[in-house]
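my_file.txt follows; it contains compact mmCIF, C-alpha atoms.
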# COMPACT_ATOMS: atom_id res chain seq x y z
CA MET A 976 161.19 32.51 119.94
CA GLN A 977 161.60 29.62 117.49
CA GLU A 978 163.72 30.24 114.40
CA ARG A 979 161.43 30.52 111.37
CA GLU A 980 161.69 27.70 108.84
CA THR A 981 162.46 28.37 105.19
CA TRP A 982 162.15 26.53 101.89
CA SER A 983 165.34 24.77 100.81
CA SER A 984 165.08 26.01 97.22
CA LYS A 985 162.99 28.02 94.77
CA LEU A 986 161.98 24.76 93.07
CA GLY A 987 160.71 23.33 96.35
CA PHE A 988 158.71 26.49 96.99
CA ILE A 989 157.19 26.53 93.48
CA LEU A 990 156.25 22.84 93.65
CA ALA A 991 154.59 23.42 97.03
CA CYS A 992 152.69 26.41 95.59
CA ILE A 993 151.66 24.39 92.53
CA GLY A 994 150.46 21.68 94.90
CA ALA A 995 148.50 24.24 96.92
CA ALA A 996 146.92 25.71 93.78
CA ILE A 997 146.15 22.38 92.09
CA GLY A 998 143.15 21.01 93.89
CA LEU A 999 139.70 19.66 93.24
CA GLY A 1000 138.76 22.92 91.49
CA ASN A 1001 141.08 21.97 88.63
CA ILE A 1002 139.81 18.41 88.28
CA TRP A 1003 136.24 18.88 89.49
CA MET A 1004 135.12 22.33 88.31
CA PHE A 1005 137.26 23.43 85.38
CA PRO A 1006 136.41 20.64 82.89
CA TRP A 1007 132.63 21.13 82.97
CA ARG A 1008 132.88 24.92 83.19
CA LEU A 1009 135.08 24.96 80.09
CA GLY A 1010 132.46 22.97 78.21
CA ALA A 1011 129.42 24.71 79.67
CA TYR A 1012 130.56 28.28 79.00
CA GLY A 1013 131.64 28.18 75.39
CA GLY A 1014 134.64 25.85 75.08
CA ALA A 1015 137.55 27.75 73.52
CA ALA A 1016 135.55 30.99 73.92
CA PHE A 1017 135.65 30.54 77.72
CA LEU A 1018 139.44 30.40 77.54
CA ILE A 1019 139.69 34.01 76.39
CA PRO A 1020 138.42 35.59 79.63
CA TYR A 1021 139.80 32.77 81.79
CA LEU A 1022 143.39 32.99 80.52
CA PHE A 1023 143.33 36.78 80.66
CA PHE A 1024 142.08 36.80 84.24
CA VAL A 1025 144.34 34.04 85.54
CA LEU A 1026 147.52 35.35 83.90
CA VAL A 1027 146.96 38.99 84.87
CA LEU A 1028 144.97 38.87 88.11
CA GLY A 1029 146.09 35.46 89.36
CA THR A 1030 149.76 36.33 88.97
CA THR A 1031 149.27 39.72 90.67
CA GLY A 1032 147.41 38.14 93.59
CA LEU A 1033 150.11 35.52 94.09
CA MET A 1034 152.88 38.13 94.00
CA GLU A 1035 150.96 40.12 96.59
CA GLU A 1036 150.54 37.20 99.01
CA PHE A 1037 154.09 35.85 98.53
CA ALA A 1038 155.67 39.28 99.08
CA PHE A 1039 153.36 40.21 101.98
CA GLY A 1040 154.29 37.03 103.83
CA ARG A 1041 158.01 37.33 103.07
CA SER A 1042 158.18 41.00 104.07
CA LYS A 1043 156.88 40.29 107.58
CA LYS A 1044 158.11 36.69 108.01
CA LYS A 1045 154.71 35.92 109.52
CA GLY A 1046 151.34 34.50 108.55
CA ALA A 1047 148.24 36.64 108.04
CA ILE A 1048 147.56 37.60 111.68
CA GLY A 1049 151.12 38.72 112.41
CA ALA A 1050 151.63 40.33 109.00
CA PHE A 1051 148.40 42.36 109.23
CA GLU A 1052 149.24 43.34 112.82
CA ASP A 1053 152.70 44.68 111.85
CA VAL A 1054 151.41 46.76 108.93
CA TYR A 1055 148.67 48.46 110.95
CA LYS A 1056 150.93 48.98 114.00
CA ASP A 1057 153.35 50.89 111.80
CA LYS A 1058 150.45 53.29 111.10
CA GLY A 1059 149.60 53.58 114.80
CA LEU A 1060 146.58 51.27 114.52
CA ASN A 1061 146.03 48.36 116.89
CA PHE A 1062 143.38 46.27 115.13
CA GLY A 1063 145.50 44.64 112.42
CA ASP A 1064 145.62 41.27 114.16
CA LYS A 1065 141.81 41.26 114.40
CA LEU A 1066 141.56 41.81 110.64
CA GLY A 1067 144.17 39.11 110.04
CA ILE A 1068 142.04 36.59 111.88
CA ILE A 1069 139.40 36.79 109.10
CA PRO A 1070 141.48 35.22 106.29
CA VAL A 1071 142.87 32.67 108.75
CA LEU A 1072 139.34 31.67 109.77
CA GLY A 1073 138.34 31.50 106.11
CA VAL A 1074 141.17 29.15 105.13
CA THR A 1075 140.66 27.07 108.29
CA GLY A 1076 136.98 26.74 107.38
CA VAL A 1077 137.93 25.53 103.91
CA PHE A 1078 140.24 22.94 105.49
CA ILE A 1079 137.41 21.69 107.72
CA PHE A 1080 135.05 20.84 104.86
CA TYR A 1081 137.81 20.09 102.32
CA SER A 1082 139.24 17.35 104.54
CA ILE A 1083 135.86 15.61 104.36
CA VAL A 1084 136.06 15.63 100.55
CA VAL A 1085 139.65 14.33 100.80
CA GLY A 1086 138.11 11.42 102.69
CA TRP A 1087 135.65 10.78 99.85
CA ILE A 1088 138.58 10.75 97.40
CA LEU A 1089 140.51 8.28 99.56
CA LYS A 1090 137.46 6.01 99.70
CA TYR A 1091 137.08 6.11 95.92
CA PHE A 1092 140.79 5.40 95.48
CA THR A 1093 140.46 2.25 97.60
CA LEU A 1094 137.37 1.24 95.60
CA THR A 1095 139.41 1.44 92.38
CA LEU A 1096 142.34 -0.44 93.91
CA THR A 1097 140.08 -3.29 95.01
CA ASN A 1098 138.13 -3.20 91.72
CA SER A 1099 134.95 -2.72 93.78
CA PHE A 1100 133.19 -0.53 91.20
CA GLU A 1101 132.60 -3.71 89.19
CA SER A 1102 130.23 -5.01 91.85
CA ILE A 1103 128.44 -1.69 92.46
CA GLU A 1104 125.21 -1.85 90.50
CA SER A 1105 124.37 1.88 90.66
CA ILE A 1106 127.20 4.33 91.29
CA PRO A 1107 124.81 7.31 91.79
CA ALA A 1108 122.90 5.30 94.40
CA TYR A 1109 126.16 4.26 96.08
CA PHE A 1110 127.38 7.85 96.30
CA GLY A 1111 124.04 8.88 97.78
CA THR A 1112 124.30 6.26 100.51
CA PHE A 1113 127.92 7.18 101.29
CA VAL A 1114 128.04 10.99 101.64
CA GLY A 1115 126.14 12.55 104.50
CA THR A 1116 126.31 9.32 106.52
CA PRO A 1117 128.52 7.87 109.29
CA ASN A 1118 130.28 5.85 106.55
CA THR A 1119 132.39 8.94 105.74
CA ILE A 1120 133.74 9.50 109.25
CA LEU A 1121 136.61 6.97 109.07
CA TRP A 1122 137.74 8.33 105.70
CA HIS A 1123 137.46 11.90 106.96
CA PHE A 1124 139.70 10.92 109.88
CA ILE A 1125 142.26 9.27 107.56
CA GLY A 1126 142.33 12.39 105.36
CA ILE A 1127 143.10 14.62 108.35
CA LEU A 1128 145.58 12.11 109.77
CA LEU A 1129 147.63 12.00 106.54
CA THR A 1130 147.65 15.81 106.37
CA VAL A 1131 148.66 16.13 110.02
CA ILE A 1132 151.52 13.63 109.65
CA ILE A 1133 152.97 15.42 106.61
CA VAL A 1134 152.76 18.93 108.07
CA SER A 1135 154.16 17.82 111.45
CA PHE A 1136 157.53 17.22 109.75
CA GLY A 1137 157.79 20.91 108.89
CA ILE A 1138 158.40 23.00 105.79
CA LYS A 1139 161.50 21.33 104.30
CA GLU A 1140 161.09 17.78 105.56
CA GLY A 1141 157.31 17.60 105.30
CA ILE A 1142 155.50 19.96 102.93
CA GLU A 1143 158.39 20.49 100.49
CA LYS A 1144 159.54 16.86 100.31
CA VAL A 1145 156.04 15.50 99.77
CA ASN A 1146 155.23 17.99 97.01
CA LYS A 1147 158.53 17.24 95.27
CA VAL A 1148 157.30 13.66 94.95
CA MET A 1149 153.56 14.17 94.42
CA MET A 1150 153.58 16.94 91.81
CA PRO A 1151 155.78 15.27 89.15
CA ILE A 1152 153.86 12.00 89.62
CA LEU A 1153 150.51 13.82 89.35
CA PHE A 1154 151.47 15.42 86.03
CA GLY A 1155 152.88 12.12 84.76
CA ILE A 1156 149.64 10.30 85.59
CA LEU A 1157 147.53 12.97 83.88
CA VAL A 1158 149.63 12.66 80.71
CA ILE A 1159 149.18 8.86 80.67
CA LEU A 1160 145.43 9.24 81.19
CA LEU A 1161 145.30 11.91 78.49
CA PHE A 1162 146.59 9.48 75.84
CA ARG A 1163 144.14 6.81 76.99
CA SER A 1164 141.16 9.16 76.97
CA LEU A 1165 141.91 10.66 73.56
CA THR A 1166 142.20 7.22 71.96
CA LEU A 1167 138.75 6.08 73.06
CA PRO A 1168 136.15 5.64 70.28
CA GLY A 1169 133.93 8.72 70.27
CA ALA A 1170 136.45 10.91 72.12
CA LYS A 1171 136.59 13.37 69.21
CA ALA A 1172 133.17 14.72 70.14
CA GLY A 1173 134.55 15.60 73.57
CA ILE A 1174 137.53 17.37 72.02
CA LYS A 1175 135.16 19.42 69.86
CA PHE A 1176 133.05 20.22 72.91
CA LEU A 1177 136.14 21.60 74.65
CA LEU A 1178 137.78 23.39 71.76
CA LEU A 1179 135.11 24.51 69.30
CA PRO A 1180 134.25 28.03 70.44
CA ASP A 1181 130.68 29.12 71.01
CA TRP A 1182 131.36 32.83 70.51
CA SER A 1183 127.85 33.75 71.62
CA LYS A 1184 128.89 32.85 75.16
CA LEU A 1185 131.29 35.80 75.17
CA PHE A 1186 128.26 38.10 75.05
CA ASP A 1187 126.79 36.42 78.13
CA PRO A 1188 128.02 38.15 81.33
CA ILE A 1189 127.85 34.86 83.29
CA THR A 1190 130.70 33.47 81.16
CA TRP A 1191 132.97 36.32 82.24
CA ILE A 1192 131.80 36.07 85.83
CA MET A 1193 132.52 32.34 86.04
CA ALA A 1194 135.88 32.77 84.29
CA LEU A 1195 136.78 35.48 86.80
CA GLY A 1196 135.77 33.33 89.75
CA GLN A 1197 137.57 30.25 88.42
CA SER A 1198 140.78 32.20 87.75
CA PHE A 1199 140.72 34.02 91.10
CA PHE A 1200 140.21 31.01 93.33
CA THR A 1201 142.10 28.38 91.35
CA VAL A 1202 145.40 29.85 92.57
CA SER A 1203 144.20 29.90 96.21
CA LEU A 1204 143.85 33.65 96.70
CA GLY A 1205 142.25 34.40 100.06
CA GLY A 1206 144.70 36.47 102.04
CA ALA A 1207 146.30 33.66 104.06
CA ALA A 1208 147.14 30.38 102.27
CA MET A 1209 149.76 31.63 99.81
CA LEU A 1210 150.78 34.39 102.25
CA VAL A 1211 151.92 31.79 104.78
CA TYR A 1212 153.96 29.95 102.13
CA GLY A 1213 155.51 33.31 101.19
CA SER A 1214 156.48 33.87 104.82
CA TYR A 1215 158.98 30.99 104.59
CA LEU A 1216 160.71 32.51 101.53
CA LYS A 1217 164.31 33.69 101.46
CA GLU A 1218 164.98 37.23 100.26
CA ASP A 1219 166.71 36.17 97.04
CA VAL A 1220 163.79 34.16 95.60
CA ASP A 1221 162.28 35.63 92.42
CA ILE A 1222 158.63 36.27 93.35
CA PRO A 1223 157.30 37.37 89.91
CA SER A 1224 158.82 34.28 88.30
CA SER A 1225 157.48 32.01 91.07
CA ALA A 1226 153.98 33.46 90.73
CA PHE A 1227 154.00 33.09 86.94
CA ASN A 1228 155.22 29.47 87.13
CA THR A 1229 152.54 28.62 89.67
CA VAL A 1230 149.82 30.04 87.39
CA ILE A 1231 151.17 28.29 84.29
CA PHE A 1232 151.43 24.83 85.84
CA ASN A 1233 148.09 25.23 87.59
CA THR A 1234 146.52 26.06 84.20
CA ILE A 1235 148.25 23.10 82.50
CA SER A 1236 146.85 20.75 85.15
CA SER A 1237 143.34 22.13 84.55
CA PHE A 1238 143.66 21.52 80.81
CA LEU A 1239 145.02 18.02 81.32
CA ALA A 1240 142.12 17.17 83.63
CA ALA A 1241 139.60 18.56 81.13
CA PHE A 1242 141.06 16.54 78.26
CA VAL A 1243 141.13 13.40 80.40
CA ILE A 1244 137.55 13.63 81.66
CA ILE A 1245 135.42 15.27 78.94
CA PRO A 1246 136.46 13.16 75.88
CA ALA A 1247 135.95 10.00 77.95
CA THR A 1248 132.56 11.30 79.06
CA PHE A 1249 131.49 11.68 75.42
CA ALA A 1250 132.97 8.30 74.49
CA PHE A 1251 130.59 6.62 76.94
CA GLY A 1252 127.57 8.80 76.22
CA LEU A 1253 127.47 10.50 79.61
CA ASP A 1254 126.62 14.10 80.53
CA PRO A 1255 129.72 16.36 80.29
CA GLN A 1256 127.90 19.14 82.14
CA ALA A 1257 127.03 17.04 85.16
CA GLY A 1258 128.75 19.58 87.40
CA PRO A 1259 129.93 18.44 90.85
CA PRO A 1260 128.68 14.82 90.38
CA LEU A 1261 131.14 14.55 87.47
CA LEU A 1262 133.98 13.36 89.72
CA PHE A 1263 132.13 10.96 91.99
CA ILE A 1264 129.47 9.55 89.66
CA THR A 1265 130.35 10.16 86.00
CA VAL A 1266 134.08 9.36 86.18
CA PRO A 1267 133.70 6.05 88.09
CA THR A 1268 131.01 5.03 85.57
CA ILE A 1269 133.52 5.66 82.77
CA PHE A 1270 136.24 3.52 84.34
CA LYS A 1271 133.72 0.79 85.12
CA SER A 1272 132.88 0.59 81.40
CA MET A 1273 136.36 1.18 79.95
CA PRO A 1274 138.70 -1.63 78.88
CA GLY A 1275 141.52 -1.59 81.42
CA GLY A 1276 139.35 0.60 83.62
CA TYR A 1277 140.74 -0.94 86.82
CA PHE A 1278 144.27 0.26 86.03
CA PHE A 1279 143.32 3.67 84.63
CA GLY A 1280 140.76 4.29 87.37
CA ALA A 1281 143.36 3.62 90.07
CA LEU A 1282 145.79 5.98 88.34
CA PHE A 1283 143.16 8.69 88.01
CA PHE A 1284 142.04 8.62 91.64
CA LEU A 1285 145.67 8.46 92.80
CA SER A 1286 146.24 11.75 90.93
CA VAL A 1287 143.13 13.21 92.60
CA VAL A 1288 144.42 12.05 96.02
CA PHE A 1289 147.68 13.90 95.34
CA ALA A 1290 145.84 17.04 94.18
CA ALA A 1291 143.55 17.00 97.20
CA LEU A 1292 146.27 16.28 99.77
CA SER A 1293 148.67 18.92 98.42
CA SER A 1294 145.93 21.54 98.85
CA ALA A 1295 144.94 20.26 102.30
CA ILE A 1296 148.58 20.59 103.40
CA ASN A 1297 148.58 24.26 102.42
CA LEU A 1298 145.21 24.90 104.09
CA ILE A 1299 146.14 23.38 107.46
CA GLU A 1300 149.47 25.24 107.53
CA VAL A 1301 147.59 28.55 107.94
CA PRO A 1302 146.08 27.86 111.40
CA VAL A 1303 149.13 25.79 112.40
CA GLU A 1304 151.46 28.76 111.74
CA ALA A 1305 149.06 31.06 113.59
CA LEU A 1306 149.27 28.90 116.74
CA ILE A 1307 153.06 28.63 116.48
CA GLU A 1308 153.50 32.38 116.00
CA ARG A 1309 150.90 33.64 118.49
CA PHE A 1310 151.37 31.13 121.31
CA SER A 1311 154.95 29.88 120.75
CA LEU A 1312 153.75 26.29 120.53
CA SER A 1313 155.82 23.58 118.89
CA ARG A 1314 154.87 22.59 115.35
CA LYS A 1315 153.81 19.08 116.36
CA LYS A 1316 151.57 20.36 119.16
CA SER A 1317 150.01 22.99 116.88
CA VAL A 1318 149.33 20.48 114.10
CA LEU A 1319 147.74 18.07 116.57
CA ILE A 1320 145.47 20.77 118.04
CA VAL A 1321 144.31 21.96 114.60
CA GLY A 1322 143.80 18.40 113.35
CA ILE A 1323 141.68 17.36 116.33
CA LEU A 1324 139.55 20.54 116.32
CA ALA A 1325 139.03 20.39 112.54
CA PHE A 1326 137.90 16.77 112.78
CA LEU A 1327 135.48 17.43 115.65
CA ILE A 1328 134.00 20.54 114.00
CA GLY A 1329 133.66 18.60 110.75
CA LEU A 1330 131.71 15.68 112.25
CA PRO A 1331 128.27 17.34 111.87
CA LEU A 1332 129.17 18.06 108.23
CA ASP A 1333 129.93 14.36 107.75
CA LEU A 1334 126.41 13.46 108.81
CA ASN A 1335 124.30 16.07 107.05
CA MET A 1336 124.90 17.37 103.52
CA ASN A 1337 122.66 20.38 104.12
CA ILE A 1338 124.91 21.49 106.99
CA PHE A 1339 127.95 20.69 104.82
CA GLY A 1340 126.61 22.88 102.00
CA LEU A 1341 125.69 25.76 104.29
CA PHE A 1342 129.09 25.69 105.99
CA ALA A 1343 131.01 25.47 102.69
CA ASP A 1344 128.98 28.30 101.14
CA THR A 1345 129.47 30.58 104.16
CA VAL A 1346 133.23 30.06 104.04
CA THR A 1347 133.75 30.26 100.26
CA VAL A 1348 131.19 32.95 99.41
CA TYR A 1349 131.94 35.30 102.31
CA LEU A 1350 135.08 34.62 104.39
CA ILE A 1351 137.57 33.71 101.63
CA PRO A 1352 136.70 36.66 99.31
CA ILE A 1353 136.64 39.06 102.29
CA GLY A 1354 140.11 37.77 103.23
CA ALA A 1355 141.35 38.41 99.69
CA VAL A 1356 139.97 41.98 99.76
CA LEU A 1357 141.49 42.71 103.18
CA ALA A 1358 144.91 41.42 102.06
CA ALA A 1359 144.86 43.57 98.91
CA ILE A 1360 143.82 46.70 100.82
CA THR A 1361 146.33 46.08 103.60
CA PHE A 1362 149.31 45.39 101.31
CA PHE A 1363 148.65 47.83 98.48
CA TRP A 1364 146.97 50.67 100.39
CA ILE A 1365 148.00 50.57 104.06
CA TYR A 1366 151.52 49.17 103.64
CA GLY A 1367 151.80 51.19 100.43
CA VAL A 1368 151.92 50.06 96.82
CA ASP A 1369 155.44 51.48 96.38
CA ASN A 1370 156.66 49.40 99.35
CA ALA A 1371 154.75 46.42 97.97
CA ARG A 1372 156.49 46.71 94.58
CA ASN A 1373 159.89 46.99 96.26
CA GLU A 1374 159.19 43.82 98.27
CA ILE A 1375 158.06 41.94 95.15
CA ASN A 1376 161.17 43.09 93.25
CA LYS A 1377 163.63 41.74 95.83
CA GLY A 1378 165.45 38.92 94.06
CA ALA A 1379 163.48 39.45 90.83
CA GLU A 1380 165.39 38.93 87.58
CA LYS A 1381 162.85 41.15 85.79
CA PRO A 1382 161.64 43.72 88.34
CA LEU A 1383 158.19 45.28 88.01
CA GLY A 1384 158.13 48.88 86.79
CA ILE A 1385 156.29 51.76 88.39
CA TRP A 1386 153.51 51.25 85.79
CA TRP A 1387 152.39 48.23 87.82
CA GLU A 1388 151.52 50.25 90.93
CA PRO A 1389 148.20 51.80 89.78
CA PHE A 1390 147.16 48.43 88.34
CA ALA A 1391 147.71 46.66 91.66
CA LYS A 1392 146.33 49.41 93.86
CA TYR A 1393 143.19 50.26 91.90
CA ILE A 1394 142.36 47.52 89.40
CA PHE A 1395 143.37 44.39 91.32
CA THR A 1396 141.90 45.62 94.61
CA GLY A 1397 138.75 46.73 92.77
CA VAL A 1398 138.39 43.35 91.09
CA ALA A 1399 138.80 41.59 94.45
CA ILE A 1400 135.86 43.62 95.75
CA VAL A 1401 133.86 42.79 92.59
CA VAL A 1402 134.57 39.06 93.11
CA LEU A 1403 133.22 39.32 96.66
CA VAL A 1404 130.04 41.12 95.53
CA LEU A 1405 129.41 38.79 92.56
CA GLY A 1406 129.96 35.76 94.75
CA ILE A 1407 127.27 36.97 97.15
CA ILE A 1408 124.87 37.73 94.28
CA TYR A 1409 125.38 34.40 92.51
CA GLY A 1410 125.90 32.25 95.60
CA GLY A 1411 129.56 31.59 94.75
CA ILE A 1412 131.60 31.88 91.57
CA GLY A 1413 134.82 30.15 92.62

The structure in this file should be written as structure tokens.
Amino acid sequence: MQERETWSSKLGFILACIGAAIGLGNIWMFPWRLGAYGGAAFLIPYLFFVLVLGTTGLMEEFAFGRSKKKGAIGAFEDVYKDKGLNFGDKLGIIPVLGVTGVFIFYSIVVGWILKYFTLTLTNSFESIESIPAYFGTFVGTPNTILWHFIGILLTVIIVSFGIKEGIEKVNKVMMPILFGILVILLFRSLTLPGAKAGIKFLLLPDWSKLFDPITWIMALGQSFFTVSLGGAAMLVYGSYLKEDVDIPSSAFNTVIFNTISSFLAAFVIIPATFAFGLDPQAGPPLLFITVPTIFKSMPGGYFFGALFFLSVVFAALSSAINLIEVPVEALIERFSLSRKKSVLIVGILAFLIGLPLDLNMNIFGLFADTVTVYLIPIGAVLAAITFFWIYGVDNARNEINKGAEKPLGIWWEPFAKYIFTGVAIVVLVLGIIYGGIG
């Protein structure tokens, strides 16, 4: 049996978790949702949900992983075996499949980001007459395959070096640079003529939106999935934790820095969108059509565009690293394979399974929806039930409090057992009704 790796420090762990949580949802989804659902009014439900539920969910996954020193399959198996039940490993496969599915389609999007980064570096947007038309002729075609491969290759190389020398080291470099870039872009965006309208759009509250249930539903979905809750991704990072690491503090820091990154992205993109008279509620096309159009028109756009897409590369890669670690750990733990062999197997299979998604956006959409609307929320529900109900909420609180400077009181137990688990079920149901809220 191979000795289990650990993080070298609490800082390294937190930076890796921040990297896992900061992804395209922060840069792609949050800015237009903030504007579309009431500006500052949207922040009221969002901040409440992310600080209360997001932090609880992270503590759950970190402590669950650390308590069993295994990923989802092994951790679920141990909990149910202790109760005389032999199907825990079967349940644990569900969140692992969900996260693996996300990695399969996410790595394709990482490829799109890498392509756009090279376009900014070579100043190629200047010669592209219609960016919407270009994007339409790129995605869903064989042109994405090479970039998809490069995205997986970079992820595989990083993760093959292990927890300390690969995942931790890379995040220690990428995360500070990412935040630094966003701050530079923030000053540039806010000084553009016409940017004030974008600031008003983001900050002036439309209180009527608070009376619209969809605002609360979208805030709930955004807060729940922005910190990568799904019963496996943060659980596997928690499984590499030492006993003396403060889990409540780590969870809170992850939520805070994840939220800061979302705000920075919003205040980079939306004011610039207004400055150039573009649609701030463009939704998913915002990143691949609206933003390149801005940098194409902006003085110094070559430099700022390259910086922006470099930050998106870092955000995307740091999340991909976390996603691939879930199936990699499962192969290492279940079949005693070496890390390098496991990473190679997962990388090859993910690339091959993803090829049909490269070539057909309808298949891509169907696959992504199946994973994010069903598998990921089901995984989150199973993890909450397993840790708080089967393992026992008193045991869960004791695990979370190991190494905690400010331990959780007994008051927290009914909140975690009934409210958090109940909300996880509500997120699953609402996601099915609305076709996804994350």

Check your understanding: Mind pulling up the distance from CA of Phe1199 (chain A) to CA of Asn1233 (chain A)?
Key ->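 Computing the Euclidean distance for CA of Asn1233 (chain A) and CA of Phe1199 (chain A) yields 12.0 Å.
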
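Restricting the calculation to all atoms listed in the file, the smallest distance between Tyr1349 (chain A) and any of A:Ser1286, A:Ala1038, A:Lys1144, A:Gly1410 is found for A:Gly1410.
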
Exercise for review: Select, from A:Val1202, A:Leu1177, A:Leu1324, A:Ile1103, the residue with the minimum atom-to-atom distance to Ile1231 (chain A), counting all atoms listed in the file.
Suggested key: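 Of A:Val1202, A:Leu1177, A:Leu1324, A:Ile1103, the one nearest Ile1231 (chain A) is A:Val1202, counting all atoms listed in the file.
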
Point to revise | Atom-to-atom span, CA of Asp1053 (chain A) and CA of Ala1358 (chain A), Å | key: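 Taking CA of Asp1053 (chain A) as the start and CA of Ala1358 (chain A) as the end point, the length is 12.9 Å.
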
Find the residues of region 1246-1276 of chain A that sit at most 8 Å from region 1147-1171 of chain A; for each, write down the nearest two atoms and how far apart they are in Å, to one decimal. Count only C-alpha atoms. Sort by chain, then by number going up, and give it as a tab-separated table.
residue	atom	partner	partner_atom	distance
A:Pro1246	CA	A:Ala1170	CA	4.4
A:Ala1247	CA	A:Ser1164	CA	5.4
A:Thr1248	CA	A:Ala1170	CA	8.0
A:Phe1249	CA	A:Ala1170	CA	6.0
A:Ala1250	CA	A:Gly1169	CA	4.3
A:Phe1251	CA	A:Gly1169	CA	7.7

Some atoms are missing, so please complete region 1301-1306 of chain A with all heavy atoms and return it as a short mmCIF file (atom, residue, chain, number, x, y, z; two decimals), keeping the file's coordinate frame.
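New file part07.cif:
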data_model
loop_
_atom_site.label_atom_id
_atom_site.label_comp_id
_atom_site.auth_asym_id
_atom_site.auth_seq_id
_atom_site.Cartn_x
_atom_site.Cartn_y
_atom_site.Cartn_z
N VAL A 1301 148.00 27.19 107.53
CA VAL A 1301 147.59 28.55 107.94
C VAL A 1301 147.26 28.61 109.44
O VAL A 1301 147.86 29.42 110.17
CB VAL A 1301 146.41 29.04 107.07
CG1 VAL A 1301 145.84 30.33 107.62
CG2 VAL A 1301 146.87 29.24 105.63
N PRO A 1302 146.32 27.79 109.95
CA PRO A 1302 146.08 27.86 111.40
C PRO A 1302 147.24 27.30 112.22
O PRO A 1302 147.46 27.76 113.35
CB PRO A 1302 144.81 27.01 111.58
CG PRO A 1302 144.77 26.10 110.39
CD PRO A 1302 145.36 26.90 109.28
N VAL A 1303 147.99 26.34 111.67
CA VAL A 1303 149.13 25.79 112.40
C VAL A 1303 150.17 26.90 112.64
O VAL A 1303 150.66 27.08 113.76
CB VAL A 1303 149.76 24.61 111.62
CG1 VAL A 1303 151.15 24.27 112.19
CG2 VAL A 1303 148.86 23.39 111.69
N GLU A 1304 150.49 27.65 111.59
CA GLU A 1304 151.46 28.76 111.74
C GLU A 1304 150.95 29.80 112.72
O GLU A 1304 151.73 30.36 113.50
CB GLU A 1304 151.70 29.39 110.36
CG GLU A 1304 152.79 30.47 110.35
CD GLU A 1304 152.34 31.85 110.79
OE1 GLU A 1304 151.11 32.13 110.80
OE2 GLU A 1304 153.21 32.66 111.15
N ALA A 1305 149.64 30.06 112.69
CA ALA A 1305 149.06 31.06 113.59
C ALA A 1305 149.27 30.66 115.06
O ALA A 1305 149.63 31.49 115.89
CB ALA A 1305 147.58 31.25 113.29
N LEU A 1306 149.07 29.38 115.36
CA LEU A 1306 149.27 28.90 116.74
C LEU A 1306 150.74 28.96 117.13
O LEU A 1306 151.08 29.35 118.26
CB LEU A 1306 148.74 27.47 116.89
CG LEU A 1306 147.23 27.28 116.86
CD1 LEU A 1306 146.88 25.81 117.09
CD2 LEU A 1306 146.53 28.14 117.91
#
